$ cat target.txt   # compact mmCIF, C-alpha atoms
# COMPACT_ATOMS: atom_id res chain seq x y z
CA ARG N 22 0.00 0.00 0.00
CA THR N 23 1.56 3.25 -1.10
CA LEU N 24 0.69 6.57 0.47
CA SER N 25 -0.73 7.75 -2.83
CA LYS N 26 -2.94 4.69 -3.16
CA LEU N 27 -4.04 4.87 0.45
CA LEU N 28 -5.17 8.47 0.24
CA ARG N 29 -6.77 8.59 -3.21
CA PRO N 30 -10.15 10.34 -2.71
CA GLY N 31 -13.17 8.12 -2.95
CA ASN N 32 -11.27 4.86 -2.93
CA SER N 33 -10.05 4.54 0.65
CA ALA N 34 -13.13 2.74 2.01
CA HIS N 35 -13.11 0.20 -0.81
CA GLU N 36 -9.39 -0.33 -0.47
CA MET N 37 -9.62 -0.83 3.27
CA ALA N 38 -12.31 -3.46 2.66
CA ASP N 39 -10.13 -5.17 0.05
CA ALA N 40 -7.19 -5.12 2.43
CA LYS N 41 -9.24 -6.78 5.15
CA LYS N 42 -10.16 -9.56 2.76
CA LYS N 43 -6.47 -10.17 2.18
CA GLU N 44 -5.56 -10.06 5.85
CA ALA N 45 -5.76 -13.84 6.03
CA LYS N 46 -2.29 -13.75 4.51
CA LEU N 47 -0.14 -12.05 7.11
CA PRO N 48 3.63 -11.71 7.32
CA THR N 49 5.43 -14.35 9.34
CA ARG N 50 8.90 -14.31 10.83
CA THR N 51 10.77 -17.15 9.15
CA THR N 52 14.46 -16.43 9.63
CA GLU N 53 17.11 -14.82 11.83
CA TYR N 54 19.79 -12.36 10.78
CA HIS N 55 23.20 -12.27 12.45
CA SER N 56 26.17 -10.30 11.14
CA HIS N 57 28.56 -7.47 12.01
CA HIS N 58 25.47 -5.20 12.05
CA PHE N 59 22.51 -7.44 12.84
CA ASP N 60 21.07 -9.38 15.72
CA SER N 61 17.45 -9.96 14.83
CA THR N 62 16.76 -11.60 18.21
CA PHE N 63 16.56 -8.11 19.76
CA TRP N 64 12.97 -8.21 18.51
CA ASP N 65 12.24 -11.04 20.96
CA ASP N 66 12.30 -8.43 23.75
CA PHE N 67 10.21 -5.83 21.93
CA LYS N 68 6.77 -5.12 23.39
CA PRO N 69 4.60 -3.32 20.83
CA ARG N 70 2.20 -0.55 21.75
CA ASP N 71 -0.83 0.63 19.83
CA GLY N 72 0.28 3.24 17.31
CA ASP N 73 4.00 2.43 17.32
CA ILE N 74 5.67 3.49 14.07
CA ILE N 75 8.39 1.35 12.49
CA VAL N 76 10.47 3.01 9.76
CA CYS N 77 11.72 0.22 7.51
CA THR N 78 14.45 0.49 4.86
CA ALA N 79 17.31 -1.44 3.35
CA TYR N 80 19.75 1.47 3.85
CA LYS N 81 20.68 4.90 2.47
CA SER N 82 17.12 5.49 1.30
CA GLY N 83 16.17 8.49 3.39
CA THR N 84 15.84 6.62 6.67
CA THR N 85 17.10 9.44 8.90
CA TRP N 86 15.23 11.97 6.76
CA THR N 87 11.96 10.11 7.31
CA GLN N 88 12.63 9.76 11.04
CA ALA N 89 13.23 13.51 11.26
CA CYS N 90 10.01 14.21 9.35
CA ILE N 91 8.01 12.03 11.72
CA TYR N 92 9.64 13.67 14.74
CA HIS N 93 8.74 17.17 13.58
CA MET N 94 5.17 16.13 12.80
CA LEU N 95 4.73 14.41 16.16
CA TYR N 96 6.27 17.32 18.08
CA PRO N 97 5.44 20.62 16.33
CA ASP N 98 5.61 22.36 19.73
CA LYS N 99 9.27 21.97 20.63
CA SER N 100 8.59 23.06 24.21
CA LYS N 101 6.75 19.74 24.61
CA ALA N 102 9.21 17.64 22.61
CA PRO N 103 11.55 15.09 24.22
CA THR N 104 15.08 16.36 24.78
CA GLN N 105 16.78 13.41 23.10
CA SER N 106 18.11 13.56 19.54
CA VAL N 107 16.19 11.89 16.72
CA HIS N 108 18.77 9.10 16.73
CA GLU N 109 18.22 8.50 20.46
CA LEU N 110 14.43 8.71 20.21
CA SER N 111 14.27 6.43 17.18
CA PRO N 112 16.88 3.69 17.67
CA TRP N 113 17.74 0.98 15.19
CA ILE N 114 16.23 -2.00 17.01
CA ASP N 115 18.16 -4.82 15.30
CA LEU N 116 21.60 -3.20 15.29
CA ARG N 117 23.60 -5.43 17.63
CA VAL N 118 25.21 -2.50 19.47
CA PRO N 119 24.57 -1.39 22.14
CA PRO N 120 23.71 -4.83 23.57
CA LYS N 121 20.15 -6.05 24.02
CA ASN N 122 20.14 -5.58 27.80
CA VAL N 123 20.94 -1.89 27.32
CA LYS N 124 18.90 -0.97 24.24
CA MET N 125 15.61 -2.76 24.81
CA PRO N 126 14.89 -1.39 28.32
CA GLU N 127 15.55 2.12 26.97
CA ILE N 128 12.96 1.54 24.24
CA GLU N 129 10.49 0.19 26.79
CA GLU N 130 10.96 3.25 28.99
CA GLN N 131 10.07 5.71 26.23
CA LYS N 132 7.02 7.89 26.84
CA GLY N 133 4.69 9.16 24.17
CA ARG N 134 4.27 7.71 20.70
CA ARG N 135 7.31 5.72 19.62
CA PHE N 136 8.89 5.77 16.18
CA LEU N 137 11.64 3.21 15.74
CA LYS N 138 13.59 1.81 12.82
CA THR N 139 14.64 -1.48 11.32
CA HIS N 140 16.89 -2.40 8.42
CA LEU N 141 15.70 -6.01 8.41
CA PRO N 142 13.39 -7.56 5.81
CA LEU N 143 9.84 -8.21 6.96
CA ASN N 144 10.39 -11.97 7.18
CA ALA N 145 13.03 -11.41 9.89
CA ILE N 146 10.92 -9.31 12.28
CA PRO N 147 7.58 -9.85 14.03
CA TYR N 148 4.45 -8.42 12.41
CA TYR N 149 1.96 -6.58 14.62
CA LYS N 150 -1.50 -5.46 13.51
CA ASN N 151 -1.45 -2.52 15.91
CA VAL N 152 1.81 -1.05 14.56
CA LYS N 153 2.24 1.25 11.53
CA TYR N 154 5.04 0.25 9.12
CA VAL N 155 6.54 2.84 6.76
CA TYR N 156 8.85 1.43 4.08
CA VAL N 157 11.21 4.00 2.56
CA ALA N 158 12.46 3.09 -0.92
CA ARG N 159 15.09 4.49 -3.27
CA ALA N 160 16.54 3.51 -6.62
CA GLY N 161 19.21 0.84 -6.27
CA LEU N 162 22.17 2.64 -7.82
CA ASP N 163 21.43 5.76 -5.78
CA MET N 164 21.47 3.60 -2.66
CA PHE N 165 24.80 2.13 -3.69
CA MET N 166 26.43 5.52 -4.26
CA SER N 167 25.24 6.75 -0.86
CA LEU N 168 26.31 3.49 0.77
CA PHE N 169 29.79 3.77 -0.69
CA ASN N 170 30.14 7.28 0.74
CA HIS N 171 28.95 5.95 4.13
CA TYR N 172 31.36 3.00 3.99
CA LYS N 173 34.46 4.88 2.83
CA ASN N 174 33.98 7.55 5.51
CA ALA N 175 33.56 5.11 8.39
CA ASN N 176 36.35 5.49 10.93
CA GLU N 177 38.06 3.11 13.34
CA ILE N 178 35.38 3.64 15.99
CA TRP N 179 32.77 2.34 13.50
CA TYR N 180 34.86 -0.73 12.66
CA GLY N 181 35.62 -1.33 16.32
CA LEU N 182 31.96 -1.33 17.31
CA LEU N 183 30.85 -3.60 14.48
CA ASN N 184 33.74 -6.03 14.74
CA GLY N 185 33.84 -6.11 18.54
CA PRO N 186 32.41 -8.43 21.21
CA GLY N 187 29.40 -10.52 20.23
CA LEU N 188 30.22 -10.58 16.53
CA VAL N 189 28.65 -13.48 14.62
CA GLY N 190 30.42 -14.38 11.40
CA ASP N 191 33.23 -12.51 9.70
CA LYS N 192 34.36 -8.99 10.48
CA ILE N 193 33.23 -6.32 8.05
CA PRO N 194 36.24 -5.65 5.81
CA GLN N 195 37.80 -2.28 5.15
CA CYS N 196 36.12 -0.37 2.36
CA PRO N 197 37.89 -0.82 -0.98
CA GLU N 198 39.44 2.37 -2.35
CA ASP N 199 38.13 1.50 -5.81
CA ILE N 200 34.38 2.12 -6.17
CA HIS N 201 34.22 -0.39 -9.03
CA GLU N 202 35.61 -3.15 -6.82
CA ALA N 203 33.04 -2.31 -4.15
CA TYR N 204 30.24 -2.26 -6.72
CA ALA N 205 31.21 -5.63 -8.21
CA ASP N 206 30.84 -7.24 -4.79
CA TRP N 207 27.66 -5.34 -3.88
CA VAL N 208 25.78 -6.22 -7.05
CA SER N 209 26.79 -9.87 -7.24
CA LYS N 210 26.92 -11.51 -3.81
CA GLY N 211 25.54 -11.57 -0.29
CA TRP N 212 27.18 -11.53 3.13
CA PRO N 213 28.06 -15.13 4.16
CA SER N 214 26.56 -15.12 7.67
CA LEU N 215 23.10 -14.10 6.40
CA PRO N 216 20.47 -16.52 4.99
CA LYS N 217 22.05 -17.73 1.79
CA ASP N 218 18.82 -18.52 -0.06
CA ILE N 219 17.60 -14.91 0.02
CA GLU N 220 20.75 -12.84 0.62
CA THR N 221 22.49 -12.92 -2.76
CA GLN N 222 23.32 -9.22 -3.15
CA GLY N 223 24.50 -6.27 -1.06
CA TYR N 224 27.96 -7.45 0.11
CA PRO N 225 29.35 -6.64 2.64
CA PHE N 226 26.03 -5.30 3.98
CA TRP N 227 22.70 -6.93 2.95
CA SER N 228 20.33 -7.21 0.02
CA VAL N 229 18.21 -4.25 -1.03
CA LEU N 230 16.25 -6.61 -3.31
CA GLN N 231 15.20 -8.93 -0.50
CA SER N 232 14.41 -5.94 1.69
CA ILE N 233 11.87 -4.27 -0.57
CA LYS N 234 10.34 -7.51 -1.85
CA SER N 235 9.63 -8.76 1.67
CA TYR N 236 7.45 -5.70 2.36
CA TRP N 237 6.03 -5.37 -1.15
CA ASP N 238 4.55 -8.86 -0.90
CA PHE N 239 2.24 -7.42 1.79
CA LYS N 240 1.68 -3.95 0.36
CA ASP N 241 -2.12 -4.32 0.51
CA LEU N 242 -2.21 -4.59 4.28
CA PRO N 243 -3.66 -1.44 5.85
CA ASN N 244 -0.73 -0.89 8.20
CA ILE N 245 2.10 -1.13 5.63
CA ALA N 246 2.78 1.97 3.53
CA PHE N 247 5.51 2.92 1.06
CA ILE N 248 7.18 6.24 0.38
CA HIS N 249 10.02 7.01 -2.00
CA TYR N 250 13.09 9.20 -1.77
CA ALA N 251 12.53 10.68 -5.24
CA ASN N 252 8.98 11.71 -4.37
CA MET N 253 10.16 13.33 -1.15
CA LEU N 254 12.73 15.31 -3.12
CA LYS N 255 10.07 16.38 -5.60
CA ASP N 256 7.29 17.34 -3.17
CA LEU N 257 8.21 16.99 0.48
CA LYS N 258 5.14 18.84 1.74
CA GLY N 259 2.80 16.65 -0.30
CA GLU N 260 4.46 13.45 0.87
CA LEU N 261 4.42 14.57 4.50
CA LYS N 262 0.75 15.46 4.27
CA LYS N 263 0.00 11.93 3.06
CA LEU N 264 2.30 10.43 5.67
CA ALA N 265 0.61 12.36 8.49
CA LYS N 266 -2.80 11.12 7.36
CA TYR N 267 -1.59 7.51 7.19
CA LEU N 268 0.01 7.78 10.64
CA GLU N 269 -3.09 9.52 12.01
CA ILE N 270 -1.10 12.56 13.10
CA GLU N 271 -3.26 15.68 13.34
CA ILE N 272 -1.16 18.61 12.16
CA SER N 273 -2.03 22.15 11.10
CA ASP N 274 -0.89 23.64 7.79
CA LYS N 275 1.46 25.96 9.66
CA ASP N 276 3.05 23.10 11.61
CA LEU N 277 3.35 21.08 8.42
CA GLU N 278 5.17 23.98 6.76
CA ASN N 279 7.50 24.16 9.76
CA ALA N 280 8.20 20.41 9.51
CA VAL N 281 9.08 20.85 5.83
CA ALA N 282 11.43 23.71 6.69
CA HIS N 283 13.16 21.69 9.42
CA CYS N 284 13.55 18.71 7.08
CA GLY N 285 15.00 20.50 4.07
CA PHE N 286 18.47 19.32 3.06
CA GLU N 287 20.37 22.39 4.26
CA SER N 288 18.69 22.24 7.66
CA MET N 289 19.36 18.50 7.96
CA LYS N 290 23.01 19.00 6.96
CA LYS N 291 23.40 21.79 9.51
CA ASP N 292 22.03 19.50 12.22
CA GLY N 293 24.00 16.50 10.99
CA ASP N 294 25.59 15.72 14.35
CA LYS N 295 22.14 15.60 15.96
CA MET N 296 20.82 13.30 13.25
CA ALA N 297 23.76 10.93 12.81
CA PRO N 298 24.28 7.81 14.94
CA LEU N 299 26.35 8.56 18.06
CA GLY N 300 26.45 12.22 17.09
CA GLY N 301 28.52 11.42 14.01
CA VAL N 302 31.66 10.31 15.92
CA ILE N 303 31.84 7.08 13.88
CA PHE N 304 32.38 8.96 10.60
CA LYS N 305 35.28 10.96 9.24
CA GLY N 306 33.95 14.50 9.19
CA GLY N 307 31.13 13.73 11.64
CA GLY N 308 27.44 14.17 10.95
CA LYS N 309 27.98 16.41 7.91
CA THR N 310 29.55 13.39 6.21
CA PHE N 311 26.63 11.17 7.23
CA ILE N 312 24.15 13.68 5.74
CA ASN N 313 25.94 13.81 2.41
CA LYS N 314 24.58 15.14 -0.91
CA GLY N 315 20.84 14.55 -0.76
CA THR N 316 20.70 14.02 -4.53
CA ASN N 317 20.07 11.19 -6.97
CA GLY N 318 21.83 10.15 -10.17
CA ARG N 319 25.42 10.47 -8.91
CA TRP N 320 26.20 7.07 -10.45
CA LYS N 321 25.93 8.60 -13.93
CA GLY N 322 29.41 9.04 -15.35
CA VAL N 323 30.85 6.88 -12.55
CA LEU N 324 29.50 3.39 -13.27
CA SER N 325 30.05 1.90 -16.71
CA GLU N 326 27.32 0.72 -19.05
CA LYS N 327 28.24 -2.86 -18.20
CA GLU N 328 27.97 -2.16 -14.48
CA ILE N 329 24.56 -0.53 -14.94
CA GLU N 330 23.40 -3.54 -16.97
CA ALA N 331 24.42 -5.81 -14.09
CA TRP N 332 22.00 -3.95 -11.82
CA GLN N 333 19.23 -4.00 -14.42
CA LYS N 334 19.64 -7.77 -14.60
CA ARG N 335 19.33 -8.12 -10.82
CA LEU N 336 16.18 -5.97 -10.84
CA LYS N 337 14.42 -8.64 -12.90
CA GLU N 338 14.37 -10.78 -9.74
CA LEU N 339 11.67 -8.46 -8.37
CA PRO N 340 8.00 -8.37 -9.43
CA ASP N 341 7.64 -5.84 -12.24
CA ASP N 342 5.57 -3.36 -10.23
CA CYS N 343 7.96 -3.59 -7.29
CA ALA N 344 11.01 -2.98 -9.50
CA LYS N 345 9.32 -0.01 -11.16
CA PHE N 346 8.42 1.54 -7.82
CA MET N 347 11.92 0.98 -6.44
CA GLU N 348 13.58 2.61 -9.42
CA THR N 349 11.16 5.47 -10.12
CA GLY N 350 8.80 5.98 -7.21
CA GLU N 351 5.86 5.37 -9.55
CA TYR N 352 2.97 3.60 -7.87
CA PRO N 353 1.22 0.65 -9.50
CA ALA N 354 -1.88 1.47 -11.50
CA ASN N 355 -5.24 0.30 -10.17
$ encode --input "target.txt" --output "structure tokens"
Amino acid sequence: RTLSKLLRPGNSAHEMADAKKKEAKLPTRTTEYHSHHFDSTFWDDFKPRDGDIIVCTAYKSGTTWTQACIYHMLYPDKSKAPTQSVHELSPWIDLRVPPKNVKMPEIEEQKGRRFLKTHLPLNAIPYYKNVKYVYVARAGLDMFMSLFNHYKNANEIWYGLLNGPGLVGDKIPQCPEDIHEAYADWVSKGWPSLPKDIETQGYPFWSVLQSIKSYWDFKDLPNIAFIHYANMLKDLKGELKKLAKYLEIEISDKDLENAVAHCGFESMKKDGDKMAPLGGVIFKGGGKTFINKGTNGRWKGVLSEKEIEAWQKRLKELPDDCAKFMETGEYPAN
């Protein structure tokens, strides 16, 4: 269910009825993820509350951007907003650091409406009917370019945390200096400690193909919605208006305008240390490196025609409508 589809005038009641008919088929948790980043068993200690929001992405798709948007819509009156940063308020549940006995009690202690994030596919987390899922998508090559920037600017603190105590499987290797070497691995193979039948791309991280497909298979459920990075770039106010309606956040036009202003790229870049994990200390250059360009298409003139064709071939593993949405942000026709 895309935000556009959900909010189309005159159709919402029919679509909600159709979704209920399909609710017999619900997502099930069928696998565990363990790697330098992941410990999916953190979800075993999660206690959902009515209205919880889970921001779901593969990576480098506008995750932090979306979290910031939700924060500013939930708390338009900053005098009543929590004092924690967006990163602290909206932790990555399945990141294996800090350890479970530290992270999960902190999540449980949160007051007010919670908005959390996951980078796991839907088949690796529990599904709750009383929780709102927001999947944030982006074109694959744009994700790769942003991921490479993230990876090459990681510092020794980042490597130390991910490769430290509790690691399952191999250590994450140092980022190759050559972007073409990194791309060849990313497009062609998965990380060895992850489920080998579904993780065949994304090395040394995880598959963006498996990520989006796992949610897309259940797109008609009323509590799973999709937004797209390109559409947010094109019309942030329009996308936030739809998102607020889906999340049942009552917000005035003035407060919506303020949220848009706070979530523009320059504002996000300026507040990079507040937005980035651990205040940006795990990246060379801090949070301003983490909030990088905010643009698409940077792969043009960098990746060769053959490299682009390799991605186009991998895209064929997705359902046609899913691949089209991932690459363009265009919603399926009725």
$ closest_residue --input "target.txt" --among "N:Met94, N:Val157, N:Val229, N:Ile75" --to "Ile272 of chain N" --atoms "all atoms listed in the file"
N:Met94
$ closest_residue --input "target.txt" --among "N:Val323, N:Ala251, N:Leu242, N:Ile91" --to "Glu351 of chain N" --atoms "all atoms listed in the file"
N:Ala251
$ residues_around --input "target.txt" --residues "Gly285 of chain N" --least-positions-apart "6" --cutoff "10 Å" --atoms "only C-alpha atoms" --output "VMD selection string"
chain N and resid 86 90 254 257 315
$ closest_residue --input "target.txt" --among "N:Tyr352, N:Thr104, N:Ile270, N:Ala280" --to "Thr87 of chain N" --atoms "all atoms listed in the file"
N:Ala280
$ atom_distance --input "target.txt" --atom1 "atom CA of Ala282 of chain N" --atom2 "atom CA of Ile128 of chain N"
28.3 Å
$ residues_around --input "target.txt" --residues "Ile248 of chain N" --least-positions-apart "4" --cutoff "8 Å" --atoms "all atoms listed in the file" --output "list in words"
Thr23, Leu24, Val155, Tyr156, Val157, Ala158, Asn252, Met253, Glu260 and Gly350 of chain N
$ closest_residue --input "target.txt" --among "N:Asp191, N:Glu220, N:Asp241, N:Asp73" --to "Ser56 of chain N" --atoms "all atoms listed in the file"
N:Asp191
$ closest_residue --input "target.txt" --among "N:Cys284, N:Ile178, N:Leu277, N:Leu143" --to "Gly259 of chain N" --atoms "all atoms listed in the file"
N:Leu277
$ closest_residue --input "target.txt" --among "N:Glu53, N:Lys46, N:Phe169, N:Lys99" --to "Lys217 of chain N" --atoms "all atoms listed in the file"
N:Glu53
$ atom_distance --input "target.txt" --atom1 "atom CA of Lys345 of chain N" --atom2 "atom CA of Gln333 of chain N"
11.2 Å
